[in-house]
$ cat my_file08.json   # JSON, C-alpha atoms
[["chain", "number", "residue", "atom", "x", "y", "z"],
["A", 1, "MET", "CA", -111.23, 1.14, -69.02],
["A", 2, "VAL", "CA", -108.87, 0.62, -71.99],
["A", 3, "GLU", "CA", -106.53, 3.48, -72.81],
["A", 4, "ILE", "CA", -106.49, 4.55, -76.43],
["A", 5, "GLU", "CA", -103.11, 5.78, -77.62],
["A", 6, "LYS", "CA", -102.87, 8.83, -79.80],
["A", 7, "ALA", "CA", -102.48, 7.86, -83.44],
["A", 8, "GLU", "CA", -99.65, 9.70, -85.08],
["A", 9, "LEU", "CA", -99.89, 10.93, -88.63],
["A", 10, "ILE", "CA", -97.01, 9.07, -90.28],
["A", 11, "GLY", "CA", -98.22, 9.07, -93.88],
["A", 12, "PRO", "CA", -96.51, 12.23, -95.19],
["A", 13, "ASP", "CA", -93.30, 11.47, -93.28],
["A", 14, "LEU", "CA", -93.20, 7.92, -94.65],
["A", 15, "VAL", "CA", -93.75, 9.18, -98.21],
["A", 16, "HIS", "CA", -90.98, 11.77, -97.78],
["A", 17, "GLN", "CA", -88.55, 9.07, -96.58],
["A", 18, "ALA", "CA", -89.44, 6.84, -99.54],
["A", 19, "ILE", "CA", -88.87, 9.70, -101.99],
["A", 20, "GLU", "CA", -85.47, 10.43, -100.43],
["A", 21, "LYS", "CA", -84.47, 6.76, -100.70],
["A", 22, "VAL", "CA", -85.53, 6.66, -104.36],
["A", 23, "LYS", "CA", -83.42, 9.78, -105.04],
["A", 24, "THR", "CA", -80.40, 8.14, -103.36],
["A", 25, "ILE", "CA", -80.87, 4.95, -105.38],
["A", 26, "LYS", "CA", -81.13, 6.92, -108.64],
["A", 27, "GLU", "CA", -77.94, 8.86, -107.84],
["A", 28, "ARG", "CA", -76.02, 5.68, -107.07],
["A", 29, "LEU", "CA", -77.29, 3.99, -110.23],
["A", 30, "LYS", "CA", -76.24, 7.00, -112.30],
["A", 31, "THR", "CA", -72.76, 6.93, -110.75],
["A", 32, "THR", "CA", -72.43, 3.19, -111.40],
["A", 33, "GLN", "CA", -73.62, 3.52, -115.00],
["A", 34, "SER", "CA", -71.17, 6.36, -115.58],
["A", 35, "CYS", "CA", -68.28, 4.25, -114.25],
["A", 36, "GLN", "CA", -69.30, 1.28, -116.42],
["A", 37, "LYS", "CA", -69.62, 3.50, -119.50],
["A", 38, "SER", "CA", -66.19, 5.04, -119.03],
["A", 39, "TYR", "CA", -64.71, 1.55, -118.50],
["A", 40, "SER", "CA", -66.30, 0.15, -121.66],
["A", 41, "ASP", "CA", -65.57, 3.24, -123.78],
["A", 42, "VAL", "CA", -61.83, 2.83, -123.22],
["A", 43, "ARG", "CA", -61.95, -0.80, -124.44],
["A", 44, "ARG", "CA", -64.41, -0.36, -127.30],
["A", 45, "ARG", "CA", -63.12, -0.67, -130.85],
["A", 46, "ASP", "CA", -65.05, -0.07, -134.03],
["A", 47, "PHE", "CA", -65.12, -2.99, -136.44],
["A", 48, "GLU", "CA", -66.28, -2.96, -140.01],
["A", 49, "PHE", "CA", -67.31, -6.23, -141.57],
["A", 50, "LYS", "CA", -68.29, -6.89, -145.12],
["A", 51, "GLU", "CA", -70.67, -9.55, -146.36],
["A", 52, "ASP", "CA", -69.05, -13.01, -146.25],
["A", 53, "ASP", "CA", -66.17, -11.65, -144.14],
["A", 54, "TRP", "CA", -65.31, -14.63, -141.93],
["A", 55, "ARG", "CA", -62.44, -13.56, -139.68],
["A", 56, "PHE", "CA", -60.51, -16.05, -137.62],
["A", 57, "GLY", "CA", -56.96, -16.16, -136.33],
["A", 58, "GLN", "CA", -55.09, -16.35, -133.01],
["A", 59, "VAL", "CA", -58.13, -15.52, -130.87],
["A", 60, "ALA", "CA", -60.85, -17.10, -133.00],
["A", 61, "TYR", "CA", -61.55, -20.69, -133.92],
["A", 62, "ARG", "CA", -63.46, -22.27, -136.77],
["A", 63, "LEU", "CA", -65.54, -25.28, -135.78],
["A", 64, "GLU", "CA", -66.22, -28.32, -137.89],
["A", 65, "LEU", "CA", -69.94, -28.77, -137.35],
["A", 66, "PRO", "CA", -72.12, -31.63, -138.53],
["A", 67, "PRO", "CA", -74.37, -30.93, -141.55],
["A", 68, "GLU", "CA", -77.51, -30.70, -139.41],
["A", 69, "MET", "CA", -75.98, -27.65, -137.67],
["A", 70, "SER", "CA", -75.21, -25.81, -140.91],
["A", 71, "LEU", "CA", -77.23, -22.77, -139.77],
["A", 72, "VAL", "CA", -74.86, -22.18, -136.81],
["A", 73, "HIS", "CA", -71.99, -19.77, -137.40],
["A", 74, "PRO", "CA", -68.81, -21.92, -137.27],
["A", 75, "VAL", "CA", -66.39, -19.26, -135.92],
["A", 76, "PHE", "CA", -66.24, -18.14, -132.29],
["A", 77, "ASP", "CA", -63.93, -15.85, -130.35],
["A", 78, "VAL", "CA", -62.01, -17.13, -127.32],
["A", 79, "SER", "CA", -63.29, -14.17, -125.27],
["A", 80, "MET", "CA", -66.66, -15.92, -125.32],
["A", 81, "LEU", "CA", -65.25, -18.98, -123.54],
["A", 82, "LYS", "CA", -65.71, -19.49, -119.82],
["A", 83, "LYS", "CA", -64.12, -22.05, -117.56],
["A", 84, "VAL", "CA", -66.50, -24.86, -116.69],
["A", 85, "VAL", "CA", -66.04, -27.45, -114.00],
["A", 86, "GLY", "CA", -68.24, -30.17, -115.39],
["A", 87, "ASP", "CA", -70.17, -32.90, -113.66],
["A", 88, "PRO", "CA", -69.88, -36.09, -115.75],
["A", 89, "THR", "CA", -73.19, -37.38, -114.38],
["A", 90, "LEU", "CA", -75.01, -34.47, -116.07],
["A", 91, "VAL", "CA", -73.68, -35.18, -119.57],
["A", 92, "VAL", "CA", -76.46, -35.99, -122.03],
["A", 93, "PRO", "CA", -75.47, -38.11, -125.02],
["A", 94, "ILE", "CA", -75.92, -36.03, -128.19],
["A", 95, "GLU", "CA", -77.61, -38.94, -129.95],
["A", 96, "THR", "CA", -80.64, -38.57, -127.67],
["A", 97, "ILE", "CA", -81.28, -34.93, -128.65],
["A", 98, "GLU", "CA", -83.09, -34.45, -131.93],
["A", 99, "VAL", "CA", -82.65, -30.94, -133.34],
["A", 100, "ASN", "CA", -84.94, -29.82, -136.17],
["A", 101, "LYS", "CA", -84.21, -27.36, -139.00],
["A", 102, "GLU", "CA", -85.09, -24.34, -136.82],
["A", 103, "LEU", "CA", -82.45, -25.53, -134.28],
["A", 104, "THR", "CA", -85.11, -26.22, -131.66],
["A", 105, "TYR", "CA", -85.95, -29.38, -129.81],
["A", 106, "GLU", "CA", -88.83, -30.82, -127.83],
["A", 107, "GLU", "CA", -88.34, -31.17, -124.10],
["A", 108, "ILE", "CA", -89.56, -34.44, -122.62],
["A", 109, "LEU", "CA", -90.27, -34.76, -118.91],
["A", 110, "VAL", "CA", -88.13, -37.49, -117.37],
["A", 111, "ALA", "CA", -88.84, -37.19, -113.65],
["A", 112, "PHE", "CA", -90.25, -34.90, -110.98],
["A", 113, "LEU", "CA", -87.45, -33.70, -108.71],
["A", 114, "ASP", "CA", -89.64, -31.99, -106.13],
["A", 115, "LYS", "CA", -93.31, -31.81, -105.21],
["A", 116, "GLN", "CA", -95.19, -29.51, -102.85],
["A", 117, "VAL", "CA", -98.81, -29.57, -101.82]]
$ encode --input "my_file08.json" --output "C-alpha cells"
Amino acid sequence: MVEIEKAELIGPDLVHQAIEKVKTIKERLKTTQSCQKSYSDVRRRDFEFKEDDWRFGQVAYRLELPPEMSLVHPVFDVSMLKKVVGDPTLVVPIETIEVNKELTYEEILVAFLDKQV
C-alpha cells in the first residue's frame, strides 16, 4: 500500500512571503531613487536658451558636416563623448551608406551569422 503524505497548505504563506519581498524591493528602489535625485540635484544647473542661440566654447565643438547632413545639429558637448576602443574590421565605408532626407537608411542583409532549428 502506498503512503499518501499530508498536503500542507502553503498558498497563503507563499503569498505573504511574496508581498514582503515586494515591499522590500520597493523600499530599496525608493532609497536608490532618493540618492540619485540628491546626487543630480547638486549638479543640475538651469540654462536659458533663446532661438538661434548656438553656444560653443571650451567644452563644445562645432562640426563641419556635409550638406546632406544639414538637418543634424553641428554643435556637441564633450560630456557626450565616450572612449571607444574600435575594431578596424568593423568600420563601414561611409560611401556605402545612403542616407535620405529624413536621415534614415535601408538595412540590407549581408549574411546570416547564426541559425537554429
$ atom_distance --input "my_file08.json" --atom1 "atom CA of A:Gly11" --atom2 "atom CA of A:Ile25"
21.2 Å
$ atom_distance --input "my_file08.json" --atom1 "atom CA of A:Glu102" --atom2 "atom CA of A:Leu65"
15.8 Å
$ residues_around --input "my_file08.json" --residues "stretch 106-113 of chain A" --least-positions-apart "4" --cutoff "12 Å" --atoms "all atoms listed in the file" --output "NGL selection string"
:A and (96-100 or 102)
$ write_last_selection --input "my_file08.json" --atoms "C-alpha atoms" --output "mmCIF file, in the coordinates of the input"
data_model
loop_
_atom_site.group_PDB
_atom_site.id
_atom_site.type_symbol
_atom_site.label_atom_id
_atom_site.label_comp_id
_atom_site.auth_asym_id
_atom_site.auth_seq_id
_atom_site.Cartn_x
_atom_site.Cartn_y
_atom_site.Cartn_z
ATOM 1 C CA THR A 96 -80.640 -38.570 -127.670
ATOM 2 C CA ILE A 97 -81.280 -34.930 -128.650
ATOM 3 C CA GLU A 98 -83.090 -34.450 -131.930
ATOM 4 C CA VAL A 99 -82.650 -30.940 -133.340
ATOM 5 C CA ASN A 100 -84.940 -29.820 -136.170
ATOM 6 C CA GLU A 102 -85.090 -24.340 -136.820
#
$ atom_distance --input "my_file08.json" --atom1 "atom CA of A:Cys35" --atom2 "atom CA of A:Phe76"
28.8 Å
$ residues_around --input "my_file08.json" --residues "A:Pro74" --least-positions-apart "3" --cutoff "7 Å" --atoms "only C-alpha atoms" --output "list of chain:residue names"
A:Arg62, A:Leu63, A:Glu64, A:Leu65
